[in-house]
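Input: a single structure, listed below in structure tokens.
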Amino acid sequence: MDCGLVDRSERGKLALTGEDRKPFLNGQVTNDVEALNEGEGCYAAFLTPKGKMLGDVRVLDARSELLLDTERVALQPLFDLVRRFSIGHAVELHKRTVESGLLSLVGADPAAFDLPAAEHAHRLTSIAERPVRVIVTDEGVDVLCDAADTAIVRDALLASGAREMTEDEADVLRVERGRPRYGVDLDDTVIPQEAGLNDRAVSFTKGCYVGQETVARLHYKGKPNRHLRGIRLREPVASGTPLHLGDREVGRVTSPVVSPTLGPIALGLVRREAEPGTQLDLGEVVELPFA
């Protein structure tokens, strides 16, 4: 198995049980949770009433429960939101962050785990005689296990050919693919369409959800004032560095990396006048993905 292994057990993890779990969550997030079948999943966002992102989440249909995982920075706000709005619904919220380990196999072939190619497809299996859930990602396969089994599962994966990979190494691949990260590239000032997330995270055919009006209006009638873009930098810079078009600031660098093949590159939310091909003070604006 030729792939990198990144321990992402620190990610926030929750579970929803109860007969109302799907309709309840469907009314809270941007994607169509009720359309999921067992073994399927989706990517979605929690929004403010004005359509700004409070966090993003992966939702997995695991038969009797919905499994959610999110960036750690968004975990407590999303936990508080779900707990507050679930009152009156037949829904129970469970914390799973400390109880569960999460190992990402970057570059792994889903077929090696008897998984289809569809992102978020998942199933139960075992590794080193420990129960695990394997999940298709955009970069390979995630392995979800009990926290107490994480070291044993990790050692088994390394013994079968995986190699330790740092989060910084994996981040280069993320930026090359143009995948924004909440808490780094995205925050509570961003509307999904600005970050190019509509195709991945938003259903325009499901029922109502928090923030829907703003998202739908922008999609059908408006134009975002800014877009997530790639920047081919002339030299490495720090996160947060302003981007200028002439004398005007049009955005900031969010995820700067040095790619072994592309050199210094970055993600950034830039104003719409800085279209792909535009030369900024620090480099050229390009469409995503880089590679």
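Quick note on naming: the chains in the structure tokens go A, B, ... in the order shown, residues restart at 1 in each chain, and ligands are numbered from 1 in order of appearance.
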
_DSSP-assigned strand (DSSP E) members of region 46-176 of chain A, reported as a PyMOL selection string_ = chain A and resi 46-47+53-61+66-70+92-95+100-106+122-127+130-136+140-146+163-164

*Please report, as a PyMOL selection string, each residue of region 168-243 of chain A to which DSSP assigns helix (DSSP H, G or I) when run on this structure's backbone.*
chain A and resi 168-177+192-195+198-201+212-221

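Candidate residues A:Glu71, A:Glu194, A:Glu119, A:Glu65 were compared for distance to Tyr182 (chain A), and the nearest is A:Glu71, using only C-alpha atoms.
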
*For region 41-57 of chain A, list every protein, DNA or RNA residue within 8 Å, evaluated using only C-alpha atoms, and leave out those in the same chain fewer than 3 positions away; present the list as an MDAnalysis selection string.*
chainID A and resid 28:33 36:37 60:61 68:71 74 77:78 119:122 182 186:192 200:202 210:215

*Return the single residue from A:Leu267, A:Ala148, A:Leu197, A:Leu5 that is closest to Leu233 (chain A), with distances computed using only C-alpha atoms.*
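So, comparing all the options, the nearest one is A:Leu267.
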
*Neighbours of Leu144 (chain A) within 12 Å (only C-alpha atoms; same-chain residues fewer than 3 positions away dropped), as a PyMOL selection string?*
chain A and resi 7-11+13+60+67-69+96-97+99-105+122-127+130-136+141+147-150+153-154

*Find the residues near Leu228 (chain A): any atom within 8 Å, counting only C-alpha atoms, skip ones fewer than 6 places away on the same chain, and give them as a ChimeraX atom specification.*
/A:194-196,267-270

*Spatial neighbours of Gly88 (chain A), max dist 12 Å, only C-alpha atoms, sep filter under 6 positions, as a ChimeraX atom specification*: /A:18,20-21,24,82

Just all heavy atoms for this one: save the residues we selected as a PDB file, in the first residue's frame.
ATOM      1  N   GLY A  18     -31.600   8.918  16.987  1.00  0.00           N
ATOM      2  CA  GLY A  18     -33.006   9.272  17.163  1.00  0.00           C
ATOM      3  C   GLY A  18     -33.724   9.338  15.830  1.00  0.00           C
ATOM      4  O   GLY A  18     -33.126   9.602  14.793  1.00  0.00           O
ATOM      5  N   ASP A  20     -35.655  11.423  14.465  1.00  0.00           N
ATOM      6  CA  ASP A  20     -35.712  12.704  13.752  1.00  0.00           C
ATOM      7  C   ASP A  20     -34.349  13.184  13.271  1.00  0.00           C
ATOM      8  O   ASP A  20     -34.224  14.318  12.798  1.00  0.00           O
ATOM      9  CB  ASP A  20     -36.307  13.794  14.666  1.00  0.00           C
ATOM     10  CG  ASP A  20     -37.776  13.609  14.919  1.00  0.00           C
ATOM     11  OD1 ASP A  20     -38.412  12.804  14.210  1.00  0.00           O
ATOM     12  OD2 ASP A  20     -38.300  14.275  15.841  1.00  0.00           O
ATOM     13  N   ARG A  21     -33.324  12.348  13.383  1.00  0.00           N
ATOM     14  CA  ARG A  21     -31.965  12.825  13.115  1.00  0.00           C
ATOM     15  C   ARG A  21     -31.806  13.381  11.699  1.00  0.00           C
ATOM     16  O   ARG A  21     -31.166  14.422  11.502  1.00  0.00           O
ATOM     17  CB  ARG A  21     -30.943  11.714  13.381  1.00  0.00           C
ATOM     18  CG  ARG A  21     -31.082  10.485  12.488  1.00  0.00           C
ATOM     19  CD  ARG A  21     -30.200   9.339  12.969  1.00  0.00           C
ATOM     20  NE  ARG A  21     -30.311   8.164  12.102  1.00  0.00           N
ATOM     21  CZ  ARG A  21     -31.290   7.292  12.170  1.00  0.00           C
ATOM     22  NH1 ARG A  21     -32.266   7.453  13.051  1.00  0.00           N
ATOM     23  NH2 ARG A  21     -31.325   6.250  11.352  1.00  0.00           N
ATOM     24  N   PHE A  24     -34.124  16.619  11.083  1.00  0.00           N
ATOM     25  CA  PHE A  24     -33.591  17.718  11.893  1.00  0.00           C
ATOM     26  C   PHE A  24     -32.328  18.282  11.264  1.00  0.00           C
ATOM     27  O   PHE A  24     -32.215  19.499  11.046  1.00  0.00           O
ATOM     28  CB  PHE A  24     -33.291  17.255  13.320  1.00  0.00           C
ATOM     29  CG  PHE A  24     -32.394  18.209  14.055  1.00  0.00           C
ATOM     30  CD1 PHE A  24     -32.888  19.427  14.502  1.00  0.00           C
ATOM     31  CD2 PHE A  24     -31.053  17.905  14.263  1.00  0.00           C
ATOM     32  CE1 PHE A  24     -32.054  20.330  15.156  1.00  0.00           C
ATOM     33  CE2 PHE A  24     -30.220  18.800  14.910  1.00  0.00           C
ATOM     34  CZ  PHE A  24     -30.716  20.028  15.360  1.00  0.00           C
ATOM     35  N   VAL A  82     -26.267  22.645  17.516  1.00  0.00           N
ATOM     36  CA  VAL A  82     -27.105  21.455  17.356  1.00  0.00           C
ATOM     37  C   VAL A  82     -27.866  21.157  18.645  1.00  0.00           C
ATOM     38  O   VAL A  82     -29.060  20.844  18.624  1.00  0.00           O
ATOM     39  CB  VAL A  82     -26.240  20.246  16.940  1.00  0.00           C
ATOM     40  CG1 VAL A  82     -27.066  18.959  16.990  1.00  0.00           C
ATOM     41  CG2 VAL A  82     -25.674  20.450  15.539  1.00  0.00           C
TER      42      VAL A  82
END

*Excluding Ala274 (chain A) and any residue of its chain fewer than 2 positions from it, enumerate the residues within 10 Å of it, using only C-alpha atoms, and give them as a list in words.*
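Counting only C-alpha atoms, the residues come to Arg226, His227, Arg229, Leu243, His244, Leu245, Val250, Gly251, Val270, Arg271, Arg272, Pro276, Gly277, Thr278, Gln279, Leu280, Glu284, Val285 and Val286 of chain A.
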
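Restricting the calculation to only C-alpha atoms, the smallest distance between Val143 (chain A) and any of A:Val172, A:Ala266, A:Val253, A:Val106 is found for A:Val106.
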